[in-house]
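Dumped my_file_14.cif below, it's mmCIF, C-alpha atoms and all ligand atoms:
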data_target
loop_
_atom_site.label_atom_id
_atom_site.label_comp_id
_atom_site.auth_asym_id
_atom_site.auth_seq_id
_atom_site.Cartn_x
_atom_site.Cartn_y
_atom_site.Cartn_z
CA MET A 1 13.71 -38.53 17.69
CA HIS A 2 14.96 -38.86 21.25
CA LYS A 3 12.91 -38.25 24.36
CA LEU A 4 15.70 -36.09 25.78
CA TRP A 5 15.42 -33.58 22.92
CA SER A 6 13.84 -30.16 23.42
CA ASP A 7 10.63 -29.35 21.55
CA ALA A 8 12.64 -27.13 19.20
CA ALA A 9 15.02 -30.00 18.34
CA LYS A 10 12.06 -32.31 17.81
CA ARG A 11 9.99 -30.07 15.53
CA THR A 12 12.87 -28.87 13.41
CA GLU A 13 13.48 -30.33 9.94
CA PRO A 14 17.05 -29.33 9.15
CA TYR A 15 18.01 -27.80 5.82
CA VAL A 16 19.95 -30.19 3.59
CA PRO A 17 22.78 -28.35 1.81
CA GLY A 18 24.00 -29.36 -1.66
CA GLU A 19 26.44 -32.28 -1.69
CA GLN A 20 30.09 -31.42 -0.97
CA LEU A 21 32.01 -34.32 -2.49
CA ASN A 22 35.73 -34.74 -1.85
CA ASP A 23 36.62 -35.90 -5.36
CA PRO A 24 38.88 -33.18 -6.88
CA ASP A 25 37.91 -34.28 -10.42
CA ILE A 26 34.27 -33.37 -9.93
CA ILE A 27 32.93 -30.33 -11.76
CA LYS A 28 30.87 -28.82 -8.99
CA LEU A 29 27.84 -26.97 -10.33
CA ASN A 30 25.44 -27.66 -7.44
CA THR A 31 25.81 -24.92 -4.81
CA ASN A 32 26.33 -21.75 -6.85
CA GLU A 33 29.87 -21.10 -5.70
CA SER A 34 32.09 -18.95 -7.91
CA PRO A 35 34.36 -20.87 -10.29
CA TYR A 36 36.98 -18.20 -9.64
CA GLY A 37 39.12 -17.88 -6.53
CA PRO A 38 38.83 -14.75 -4.39
CA SER A 39 40.79 -11.58 -5.16
CA PRO A 40 44.54 -12.05 -4.48
CA ASN A 41 44.20 -9.11 -2.05
CA VAL A 42 41.93 -11.32 0.11
CA ILE A 43 44.60 -14.01 0.42
CA GLU A 44 47.21 -11.38 1.28
CA ALA A 45 44.97 -9.78 3.94
CA ILE A 46 44.26 -13.16 5.55
CA GLN A 47 47.94 -14.11 5.55
CA LYS A 48 48.78 -10.82 7.22
CA GLU A 49 46.08 -11.33 9.82
CA VAL A 50 47.27 -14.89 10.53
CA SER A 51 50.67 -13.58 11.58
CA HIS A 52 49.16 -11.11 14.07
CA HIS A 53 46.65 -10.97 16.83
CA LEU A 54 45.06 -14.45 16.72
CA GLN A 55 45.36 -14.62 20.49
CA LEU A 56 42.96 -11.66 20.69
CA TYR A 57 39.19 -11.69 20.15
CA PRO A 58 37.96 -10.09 16.93
CA ALA A 59 36.04 -6.78 16.87
CA PRO A 60 32.53 -7.68 18.15
CA ASP A 61 30.75 -5.02 16.10
CA ALA A 62 32.96 -5.37 13.00
CA GLU A 63 33.08 -1.60 12.53
CA ALA A 64 35.81 -1.55 9.87
CA LEU A 65 34.08 -4.10 7.64
CA ARG A 66 30.70 -2.40 8.09
CA ASP A 67 32.36 0.86 7.01
CA ASP A 68 33.71 -0.80 3.86
CA ILE A 69 30.34 -2.34 2.92
CA GLY A 70 28.57 0.94 3.72
CA ARG A 71 30.96 2.87 1.48
CA TYR A 72 30.11 0.54 -1.42
CA TYR A 73 26.40 1.36 -0.98
CA GLN A 74 26.93 5.01 0.03
CA LEU A 75 25.53 4.41 3.50
CA ASP A 76 27.15 4.74 6.91
CA LYS A 77 28.00 1.71 9.04
CA GLU A 78 24.88 2.23 11.20
CA HIS A 79 22.95 0.83 8.18
CA ILE A 80 25.04 -2.37 7.97
CA PHE A 81 25.06 -5.62 9.96
CA VAL A 82 27.51 -8.47 9.28
CA GLY A 83 27.34 -12.14 10.17
CA ASN A 84 28.74 -15.62 9.69
CA GLY A 85 27.30 -16.23 6.23
CA SER A 86 23.95 -14.85 5.13
CA ASP A 87 22.30 -17.98 6.55
CA GLU A 88 23.16 -16.67 9.99
CA VAL A 89 22.03 -13.14 9.11
CA LEU A 90 18.72 -14.61 7.86
CA ALA A 91 18.27 -16.67 11.04
CA PHE A 92 18.90 -13.57 13.19
CA SER A 93 16.43 -11.64 11.02
CA PHE A 94 13.69 -14.23 11.64
CA MET A 95 14.31 -13.82 15.38
CA ALA A 96 14.56 -10.03 15.23
CA PHE A 97 11.50 -9.25 13.07
CA PHE A 98 9.00 -12.14 12.98
CA ASN A 99 6.63 -13.30 15.74
CA THR A 100 4.96 -16.54 16.77
CA ASP A 101 1.43 -15.09 16.48
CA ALA A 102 1.43 -13.54 12.98
CA ARG A 103 1.80 -15.39 9.70
CA ILE A 104 4.71 -14.46 7.47
CA GLN A 105 4.70 -15.04 3.71
CA PHE A 106 7.22 -16.35 1.24
CA PRO A 107 6.91 -17.86 -2.26
CA SER A 108 6.16 -21.60 -2.46
CA VAL A 109 9.27 -22.06 -4.59
CA THR A 110 12.18 -20.26 -2.98
CA TYR A 111 15.25 -20.81 -0.78
CA SER A 112 14.34 -23.88 1.25
CA PHE A 113 15.95 -22.57 4.43
CA TYR A 114 13.00 -20.19 5.09
CA PRO A 115 10.53 -22.89 6.24
CA VAL A 116 13.31 -24.43 8.35
CA TYR A 117 13.84 -21.19 10.28
CA ALA A 118 10.09 -20.64 10.57
CA LYS A 119 9.64 -24.08 12.15
CA LEU A 120 12.65 -23.70 14.41
CA PHE A 121 11.47 -20.32 15.73
CA HIS A 122 7.77 -21.30 15.80
CA ILE A 123 6.73 -18.67 13.26
CA PRO A 124 3.55 -19.44 11.29
CA TYR A 125 3.95 -19.08 7.52
CA GLU A 126 2.09 -19.06 4.22
CA GLU A 127 3.78 -20.38 1.09
CA VAL A 128 2.37 -18.26 -1.74
CA PRO A 129 2.18 -20.19 -5.06
CA LEU A 130 4.18 -18.70 -7.92
CA ASN A 131 2.55 -17.74 -11.22
CA GLN A 132 2.54 -20.41 -13.95
CA ASP A 133 5.71 -18.92 -15.44
CA PHE A 134 7.50 -19.04 -12.03
CA THR A 135 7.29 -15.26 -11.55
CA ILE A 136 6.28 -13.77 -8.17
CA PRO A 137 2.57 -12.87 -7.85
CA VAL A 138 3.37 -9.42 -6.49
CA GLU A 139 -0.12 -8.45 -5.32
CA SER A 140 -0.42 -11.59 -3.18
CA PHE A 141 2.31 -10.05 -1.03
CA PHE A 142 0.37 -6.88 -0.20
CA GLN A 143 -0.75 -6.69 3.43
CA SER A 144 1.02 -9.60 5.05
CA ASP A 145 0.12 -10.28 8.72
CA GLY A 146 3.59 -10.99 10.02
CA GLY A 147 6.14 -9.94 7.40
CA ILE A 148 7.67 -11.15 4.16
CA ILE A 149 10.83 -12.85 3.06
CA MET A 150 11.81 -13.61 -0.51
CA ALA A 151 14.95 -14.13 -2.54
CA ASN A 152 15.65 -11.69 -5.37
CA PRO A 153 16.68 -13.02 -7.84
CA ASN A 154 14.59 -15.93 -6.62
CA ALA A 155 16.22 -19.28 -5.94
CA PRO A 156 16.23 -21.74 -7.59
CA THR A 157 14.41 -20.05 -10.49
CA GLY A 158 16.91 -17.19 -11.05
CA ILE A 159 14.01 -14.85 -11.91
CA TYR A 160 14.51 -11.19 -10.98
CA LEU A 161 11.82 -8.99 -9.47
CA SER A 162 12.12 -5.35 -10.59
CA LEU A 163 12.93 -2.62 -8.07
CA GLU A 164 9.52 -1.11 -8.83
CA ASN A 165 7.86 -4.33 -7.61
CA VAL A 166 10.10 -4.57 -4.54
CA GLU A 167 9.14 -1.00 -3.73
CA THR A 168 5.39 -1.69 -4.03
CA ILE A 169 5.70 -4.72 -1.73
CA ALA A 170 7.59 -2.62 0.85
CA ALA A 171 5.06 0.23 0.50
CA ASN A 172 2.09 -2.12 0.99
CA ASN A 173 3.48 -3.66 4.18
CA SER A 174 4.59 -0.59 6.10
CA ASP A 175 3.84 -2.19 9.51
CA GLN A 176 5.84 -5.36 8.82
CA VAL A 177 9.41 -6.08 7.90
CA VAL A 178 10.03 -7.07 4.28
CA ILE A 179 13.29 -9.01 3.86
CA MET A 180 14.84 -9.25 0.41
CA ASP A 181 17.48 -11.98 0.30
CA GLU A 182 19.79 -10.72 -2.44
CA ALA A 183 22.28 -13.61 -2.44
CA TYR A 184 22.56 -13.40 -6.25
CA ILE A 185 21.94 -9.69 -6.83
CA ASP A 186 25.39 -8.91 -8.23
CA PHE A 187 24.47 -10.94 -11.33
CA ALA A 188 21.17 -9.02 -11.72
CA PRO A 189 20.22 -5.47 -12.83
CA ALA A 190 20.11 -3.62 -9.46
CA SER A 191 20.00 -4.03 -5.67
CA ALA A 192 17.10 -2.72 -3.60
CA ALA A 193 19.73 -1.35 -1.19
CA SER A 194 19.00 2.00 -2.89
CA LEU A 195 15.48 1.87 -1.38
CA VAL A 196 16.33 1.40 2.30
CA GLN A 197 16.52 5.15 3.02
CA ASP A 198 12.89 5.48 1.87
CA TYR A 199 11.46 2.33 3.50
CA PRO A 200 12.03 1.89 7.25
CA ASN A 201 10.59 -1.66 6.98
CA LEU A 202 12.92 -2.92 4.22
CA LEU A 203 15.90 -5.15 5.05
CA ILE A 204 18.31 -6.34 2.37
CA VAL A 205 20.42 -9.44 3.03
CA GLN A 206 23.46 -10.25 0.90
CA THR A 207 26.36 -12.69 0.91
CA MET A 208 30.01 -12.79 -0.11
CA SER A 209 29.67 -16.52 -0.89
CA LYS A 210 28.75 -16.08 -4.56
CA SER A 211 29.90 -12.93 -6.39
CA ARG A 212 32.85 -12.33 -4.03
CA SER A 213 34.09 -15.97 -4.25
CA LEU A 214 34.19 -16.42 -0.46
CA ALA A 215 31.76 -19.27 0.35
CA GLY A 216 34.50 -20.88 2.47
CA LEU A 217 35.03 -17.79 4.63
CA ARG A 218 31.35 -17.38 5.68
CA ILE A 219 30.39 -13.71 5.39
CA GLY A 220 26.90 -12.32 4.99
CA PHE A 221 25.49 -8.87 5.66
CA ALA A 222 22.27 -6.92 6.00
CA ILE A 223 21.45 -3.39 4.88
CA GLY A 224 18.62 -1.43 6.49
CA GLN A 225 17.79 1.62 8.56
CA PRO A 226 19.58 1.83 11.95
CA HIS A 227 16.54 0.68 13.99
CA LEU A 228 16.53 -2.64 12.05
CA ILE A 229 20.30 -3.03 12.39
CA GLU A 230 20.00 -2.41 16.15
CA ALA A 231 17.48 -5.27 16.45
CA LEU A 232 19.91 -7.61 14.66
CA PHE A 233 22.69 -6.60 17.09
CA ARG A 234 20.38 -7.29 20.04
CA ILE A 235 19.84 -10.85 18.77
CA LYS A 236 23.51 -11.46 17.88
CA ASP A 237 24.71 -10.17 21.24
CA SER A 238 22.29 -12.50 23.01
CA PHE A 239 23.73 -15.44 21.11
CA ASN A 240 27.42 -14.99 20.30
CA SER A 241 29.31 -11.68 20.42
CA TYR A 242 31.96 -12.87 17.98
CA THR A 243 30.19 -14.50 15.04
CA MET A 244 32.91 -13.39 12.62
CA ASP A 245 36.51 -14.38 13.21
CA ARG A 246 39.55 -12.21 12.50
CA LEU A 247 40.40 -13.97 9.22
CA ALA A 248 36.88 -13.56 7.86
CA LEU A 249 36.82 -9.87 8.83
CA ALA A 250 40.19 -9.23 7.18
CA GLY A 251 39.36 -11.20 4.01
CA ALA A 252 35.92 -9.65 3.64
CA ALA A 253 37.27 -6.11 3.96
CA ALA A 254 39.86 -6.80 1.25
CA ALA A 255 37.17 -8.29 -1.01
CA MET A 256 34.94 -5.22 -0.64
CA LYS A 257 37.84 -2.95 -1.56
CA ASP A 258 38.86 -4.82 -4.74
CA ASP A 259 36.13 -3.56 -7.02
CA HIS A 260 38.12 -4.25 -10.17
CA TYR A 261 38.43 -7.99 -9.48
CA PHE A 262 34.78 -8.17 -8.41
CA GLN A 263 33.56 -6.47 -11.61
CA GLU A 264 35.80 -8.60 -13.81
CA THR A 265 34.69 -11.96 -12.35
CA THR A 266 30.96 -11.15 -12.13
CA GLU A 267 30.97 -9.84 -15.72
CA GLU A 268 32.68 -13.03 -16.89
CA ILE A 269 30.05 -15.18 -15.14
CA ILE A 270 27.21 -13.14 -16.69
CA ARG A 271 28.86 -13.42 -20.12
CA THR A 272 29.19 -17.21 -19.73
CA ARG A 273 25.53 -17.45 -18.63
CA GLU A 274 24.34 -15.52 -21.67
CA TRP A 275 26.42 -17.77 -23.93
CA LEU A 276 25.24 -20.99 -22.23
CA ILE A 277 21.48 -20.34 -22.37
CA PRO A 278 21.11 -20.47 -26.20
CA GLU A 279 23.44 -23.51 -26.27
CA MET A 280 21.05 -25.28 -23.86
CA LYS A 281 18.01 -24.24 -25.89
CA LYS A 282 19.60 -25.68 -29.07
CA ARG A 283 19.70 -29.02 -27.21
CA GLY A 284 16.00 -29.08 -26.34
CA PHE A 285 16.07 -27.36 -22.92
CA SER A 286 13.79 -24.58 -21.82
CA VAL A 287 15.60 -22.22 -19.52
CA LEU A 288 13.99 -19.65 -17.22
CA PRO A 289 15.31 -16.10 -17.65
CA SER A 290 18.20 -15.98 -15.17
CA ALA A 291 19.57 -12.94 -13.34
CA ALA A 292 21.76 -15.17 -11.15
CA ASN A 293 24.94 -17.27 -11.41
CA PHE A 294 22.88 -20.35 -12.23
CA ILE A 295 20.19 -21.46 -14.65
CA PHE A 296 16.99 -23.37 -13.91
CA THR A 297 16.07 -25.65 -16.73
CA THR A 298 14.01 -28.61 -17.94
CA HIS A 299 14.46 -30.83 -20.99
CA SER A 300 11.76 -31.75 -23.52
CA THR A 301 12.42 -35.50 -23.24
CA VAL A 302 15.12 -36.34 -20.67
CA LYS A 303 13.77 -36.36 -17.09
CA ALA A 304 15.47 -34.04 -14.59
CA GLU A 305 16.37 -36.90 -12.28
CA THR A 306 17.94 -38.88 -15.13
CA LEU A 307 19.94 -35.84 -16.16
CA TYR A 308 21.17 -35.35 -12.58
CA ASN A 309 22.19 -39.04 -12.26
CA GLU A 310 23.79 -39.29 -15.69
CA LEU A 311 25.80 -36.10 -15.17
CA LYS A 312 26.90 -37.30 -11.74
CA ARG A 313 28.11 -40.55 -13.32
CA ARG A 314 30.22 -38.33 -15.60
CA LYS A 315 31.53 -36.42 -12.57
CA ILE A 316 29.42 -33.30 -13.08
CA LEU A 317 27.35 -32.38 -10.06
CA ILE A 318 24.17 -30.28 -10.50
CA ARG A 319 21.19 -29.72 -8.17
CA HIS A 320 17.86 -31.54 -8.37
CA PHE A 321 15.06 -30.76 -5.89
CA GLN A 322 12.34 -33.16 -4.72
CA ASN A 323 9.64 -30.43 -4.36
CA PRO A 324 6.95 -31.73 -6.80
CA ALA A 325 6.40 -28.25 -8.31
CA ILE A 326 9.99 -28.26 -9.64
CA ALA A 327 10.87 -31.97 -9.68
CA ASN A 328 11.39 -31.97 -13.46
CA HIS A 329 13.82 -29.06 -13.36
CA VAL A 330 17.49 -28.91 -12.48
CA ARG A 331 19.60 -25.99 -11.29
CA ILE A 332 23.03 -25.63 -12.82
CA THR A 333 25.67 -23.22 -11.50
CA ILE A 334 27.52 -21.13 -14.10
CA GLY A 335 31.15 -22.24 -14.03
CA THR A 336 34.05 -21.29 -16.27
CA GLU A 337 33.48 -21.41 -20.03
CA LYS A 338 35.64 -24.56 -20.15
CA GLN A 339 33.48 -26.25 -17.49
CA MET A 340 30.34 -25.28 -19.43
CA GLU A 341 31.80 -26.80 -22.60
CA GLN A 342 32.40 -30.05 -20.67
CA LEU A 343 28.80 -29.86 -19.41
CA LEU A 344 27.46 -29.46 -22.96
CA ARG A 345 29.56 -32.39 -24.22
CA ALA A 346 28.20 -34.58 -21.41
CA ILE A 347 24.63 -33.45 -22.17
CA ASP A 348 25.14 -34.25 -25.86
CA ALA A 349 26.23 -37.77 -24.90
CA ILE A 350 23.24 -38.24 -22.55
CA ILE A 351 20.71 -37.00 -25.09
CA ALA A 352 22.22 -39.19 -27.82
C1 LIG A 401 18.89 -17.52 -1.69
C2 LIG A 401 20.04 -17.80 -0.78
N1 LIG A 401 20.16 -17.13 0.36
C3 LIG A 401 21.18 -17.36 1.20
C4 LIG A 401 22.14 -18.32 0.92
C5 LIG A 401 23.21 -18.59 1.96
O1 LIG A 401 24.44 -18.12 1.63
P1 LIG A 401 25.61 -18.02 2.69
O2 LIG A 401 25.14 -18.55 4.01
O3 LIG A 401 26.73 -18.80 2.11
O4 LIG A 401 25.93 -16.55 2.77
C6 LIG A 401 22.06 -19.04 -0.25
C7 LIG A 401 23.07 -20.08 -0.54
O5 LIG A 401 23.02 -20.85 -1.44
C8 LIG A 401 20.98 -18.80 -1.13
O6 LIG A 401 20.84 -19.50 -2.26
#
Rewrite the coordinates I just gave you, this time as structure tokens.
Ligand SMILES: Cc1ncc(COP(=O)(O)O)c(C=O)c1O
Amino acid sequence: MHKLWSDAAKRTEPYVPGEQLNDPDIIKLNTNESPYGPSPNVIEAIQKEVSHHLQLYPAPDAEALRDDIGRYYQLDKEHIFVGNGSDEVLAFSFMAFFNTDARIQFPSVTYSFYPVYAKLFHIPYEEVPLNQDFTIPVESFFQSDGGIIMANPNAPTGIYLSLENVETIAANNSDQVVIMDEAYIDFAPASAASLVQDYPNLLIVQTMSKSRSLAGLRIGFAIGQPHLIEALFRIKDSFNSYTMDRLALAGAAAAMKDDHYFQETTEEIIRTREWLIPEMKKRGFSVLPSAANFIFTTHSTVKAETLYNELKRRKILIRHFQNPAIANHVRITIGTEKQMEQLLRAIDAIIA
């Protein structure tokens, strides 16, 4: 810590992303990327954009892309905000909706970026313990002082909270903003985007990094009533007018329009997940019910840390968290069926 740092730089404890190793032989199952490339239409749209216009600034309010996302959810663009990855959209949301004098709530086991933003922006927070079975204790989220943020499906558990429960949380916090981070929702039963017309305090945040295979392009978005979207624009335009570059805007629009490719790849990932879970159970793992593109699992005899290290030695990278509540679990991204077969063979060797 340097004496020349600001208070914000001093108090912040940066988020540590999953390892990004350069070894091309690694099977990377640690950051929930898609094992499939993006739609070929995305590549074509980016190539087209590269040959035009790069000397010009991109559209600051990303109207065309917001139209495309809105069309998918049957909402107009006034209900949509876009940003440079959902991490940025989440950071803007903390600034737009949470205050330094009222405690927000999020689950004690959830996306570990939330406490980082809270500390950075000086927002007090309560980490609400999960139930024994890792489900969300819904009633503990009624009547929050400062607002609520949670991931649905939750990360890293993969457990899905029903729309009925999301609705009760929104209804019981009508004076605060409730943010549902739906990074993994396309692998789950249904998005709460259908509720935003009824709940002026509900903001949905999604990403194209997982189900749309675009982690490298950095596109996230928020869905909410126009007064919430306006607040996000106020923050963005006080920070950087052009958070999304021309290539990201072009690629994202093409991804939103290729519904066939999107359906095909998400269905394949769900199918692989449903095939993998019983295979893991046969090998002595218990696996939480997952509505995401990953599983969260623990073995009856092999320690999570050992599993992580032994798999890494065999060039398979998974995620292990130090948080004591989940230190004997690992999170494994659903890859292709072939990658999952390699994973199972490596597990068989480790267990033996
Ligand atoms: C729950 C959750 N929210 C948000 C993100 C951020 O996604 P991105 O910034 O790539 O859109 C992630 C990434 O892993 C996540 O797990």
Out of A:Phe221, A:Tyr111, A:Phe321, A:Phe106, which residue has the shortest atom-to-atom distance to ligand LIG 401 (chain A) when counting all atoms listed in the file?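 With all atoms listed in the file as the atom set, the closest residue is A:Tyr111.
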Dump the neighbourhood of ligand LIG 401 (chain A) as an NGL selection string: all residues within 7 Å, distances computed on only C-alpha atoms and all ligand atoms. :A and (31-32 or 85-88 or 111 or 151 or 154-155 or 181-183 or 207-209 or 215 or 218-220)
Restrict the selected residues to C-alpha atoms and save them as a PDB file, in the frame of the given file.
ATOM      1  CA  THR A  31      25.810 -24.920  -4.810  1.00  0.00           C
ATOM      2  CA  ASN A  32      26.330 -21.750  -6.850  1.00  0.00           C
ATOM      3  CA  GLY A  85      27.300 -16.230   6.230  1.00  0.00           C
ATOM      4  CA  SER A  86      23.950 -14.850   5.130  1.00  0.00           C
ATOM      5  CA  ASP A  87      22.300 -17.980   6.550  1.00  0.00           C
ATOM      6  CA  GLU A  88      23.160 -16.670   9.990  1.00  0.00           C
ATOM      7  CA  TYR A 111      15.250 -20.810  -0.780  1.00  0.00           C
ATOM      8  CA  ALA A 151      14.950 -14.130  -2.540  1.00  0.00           C
ATOM      9  CA  ASN A 154      14.590 -15.930  -6.620  1.00  0.00           C
ATOM     10  CA  ALA A 155      16.220 -19.280  -5.940  1.00  0.00           C
ATOM     11  CA  ASP A 181      17.480 -11.980   0.300  1.00  0.00           C
ATOM     12  CA  GLU A 182      19.790 -10.720  -2.440  1.00  0.00           C
ATOM     13  CA  ALA A 183      22.280 -13.610  -2.440  1.00  0.00           C
ATOM     14  CA  THR A 207      26.360 -12.690   0.910  1.00  0.00           C
ATOM     15  CA  MET A 208      30.010 -12.790  -0.110  1.00  0.00           C
ATOM     16  CA  SER A 209      29.670 -16.520  -0.890  1.00  0.00           C
ATOM     17  CA  ALA A 215      31.760 -19.270   0.350  1.00  0.00           C
ATOM     18  CA  ARG A 218      31.350 -17.380   5.680  1.00  0.00           C
ATOM     19  CA  ILE A 219      30.390 -13.710   5.390  1.00  0.00           C
ATOM     20  CA  GLY A 220      26.900 -12.320   4.990  1.00  0.00           C
TER      21      GLY A 220
END
Would you kindly return, as a VMD selection string, each protein, DNA or RNA residue with an atom no farther than 12 Å from any atom of region 112-119 of chain A, considering only C-alpha atoms and excluding same-chain residues fewer than 5 positions away? chain A and resid 7 to 18 86 to 95 97 to 107 124 to 127 146 to 151 154 to 156 179 181 321 to 323
Counting only C-alpha atoms, which residue out of A:Thr243, A:Gln47, A:Asn152, A:Thr266 sits closest to Asp186 (chain A)? A:Thr266
Ranking A:Gly251, A:Pro278, A:Pro189, A:Gly284 by minimum distance to Pro40 (chain A) and counting all atoms listed in the file, which one comes first?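 Between A:Gly251, A:Pro278, A:Pro189, A:Gly284, the residue approaching Pro40 (chain A) most closely is A:Gly251.
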If we draw a sphere of 8 Å around (14.5, -7.8, -6.2), which residues have at least one atom in it when counting all atoms listed in the file? Please report them as a list of chain:residue names. A:Ala151, A:Asn152, A:Pro153, A:Tyr160, A:Leu161, A:Ser162, A:Leu163, A:Asn165, A:Val166, A:Met180, A:Glu182, A:Ile185, A:Ala190, A:Ser191, A:Ala192
Go ahead and write the residues just picked, C-alpha atoms, as a short mmCIF file (atom, residue, chain, number, x, y, z; two decimals), in the coordinates of the input.
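part_0.cif, written as the output of this step:
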data_model
loop_
_atom_site.label_atom_id
_atom_site.label_comp_id
_atom_site.auth_asym_id
_atom_site.auth_seq_id
_atom_site.Cartn_x
_atom_site.Cartn_y
_atom_site.Cartn_z
CA ALA A 151 14.95 -14.13 -2.54
CA ASN A 152 15.65 -11.69 -5.37
CA PRO A 153 16.68 -13.02 -7.84
CA TYR A 160 14.51 -11.19 -10.98
CA LEU A 161 11.82 -8.99 -9.47
CA SER A 162 12.12 -5.35 -10.59
CA LEU A 163 12.93 -2.62 -8.07
CA ASN A 165 7.86 -4.33 -7.61
CA VAL A 166 10.10 -4.57 -4.54
CA MET A 180 14.84 -9.25 0.41
CA GLU A 182 19.79 -10.72 -2.44
CA ILE A 185 21.94 -9.69 -6.83
CA ALA A 190 20.11 -3.62 -9.46
CA SER A 191 20.00 -4.03 -5.67
CA ALA A 192 17.10 -2.72 -3.60
#
Let me make sure I understand: among A:Ala45, A:Val330, A:Ala255, A:Val128, which one has the smallest atom-to-atom distance to Thr110 (chain A) if we use all atoms listed in the file?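 Counting all atoms listed in the file, the residue closest to Thr110 (chain A) is A:Val128.
Pairwise distance (CA of Val177 (chain A), CA of Asn201 (chain A)) equals 4.7 Å.
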Determine, counting only C-alpha atoms, which protein, DNA and RNA residues have an atom within 12 Å of an atom of Glu268 (chain A); residues of the same chain fewer than 6 positions away are not included. Present the result as a PyMOL selection string. chain A and resi 34-36+187+211+261-262+274-275+293+334-337
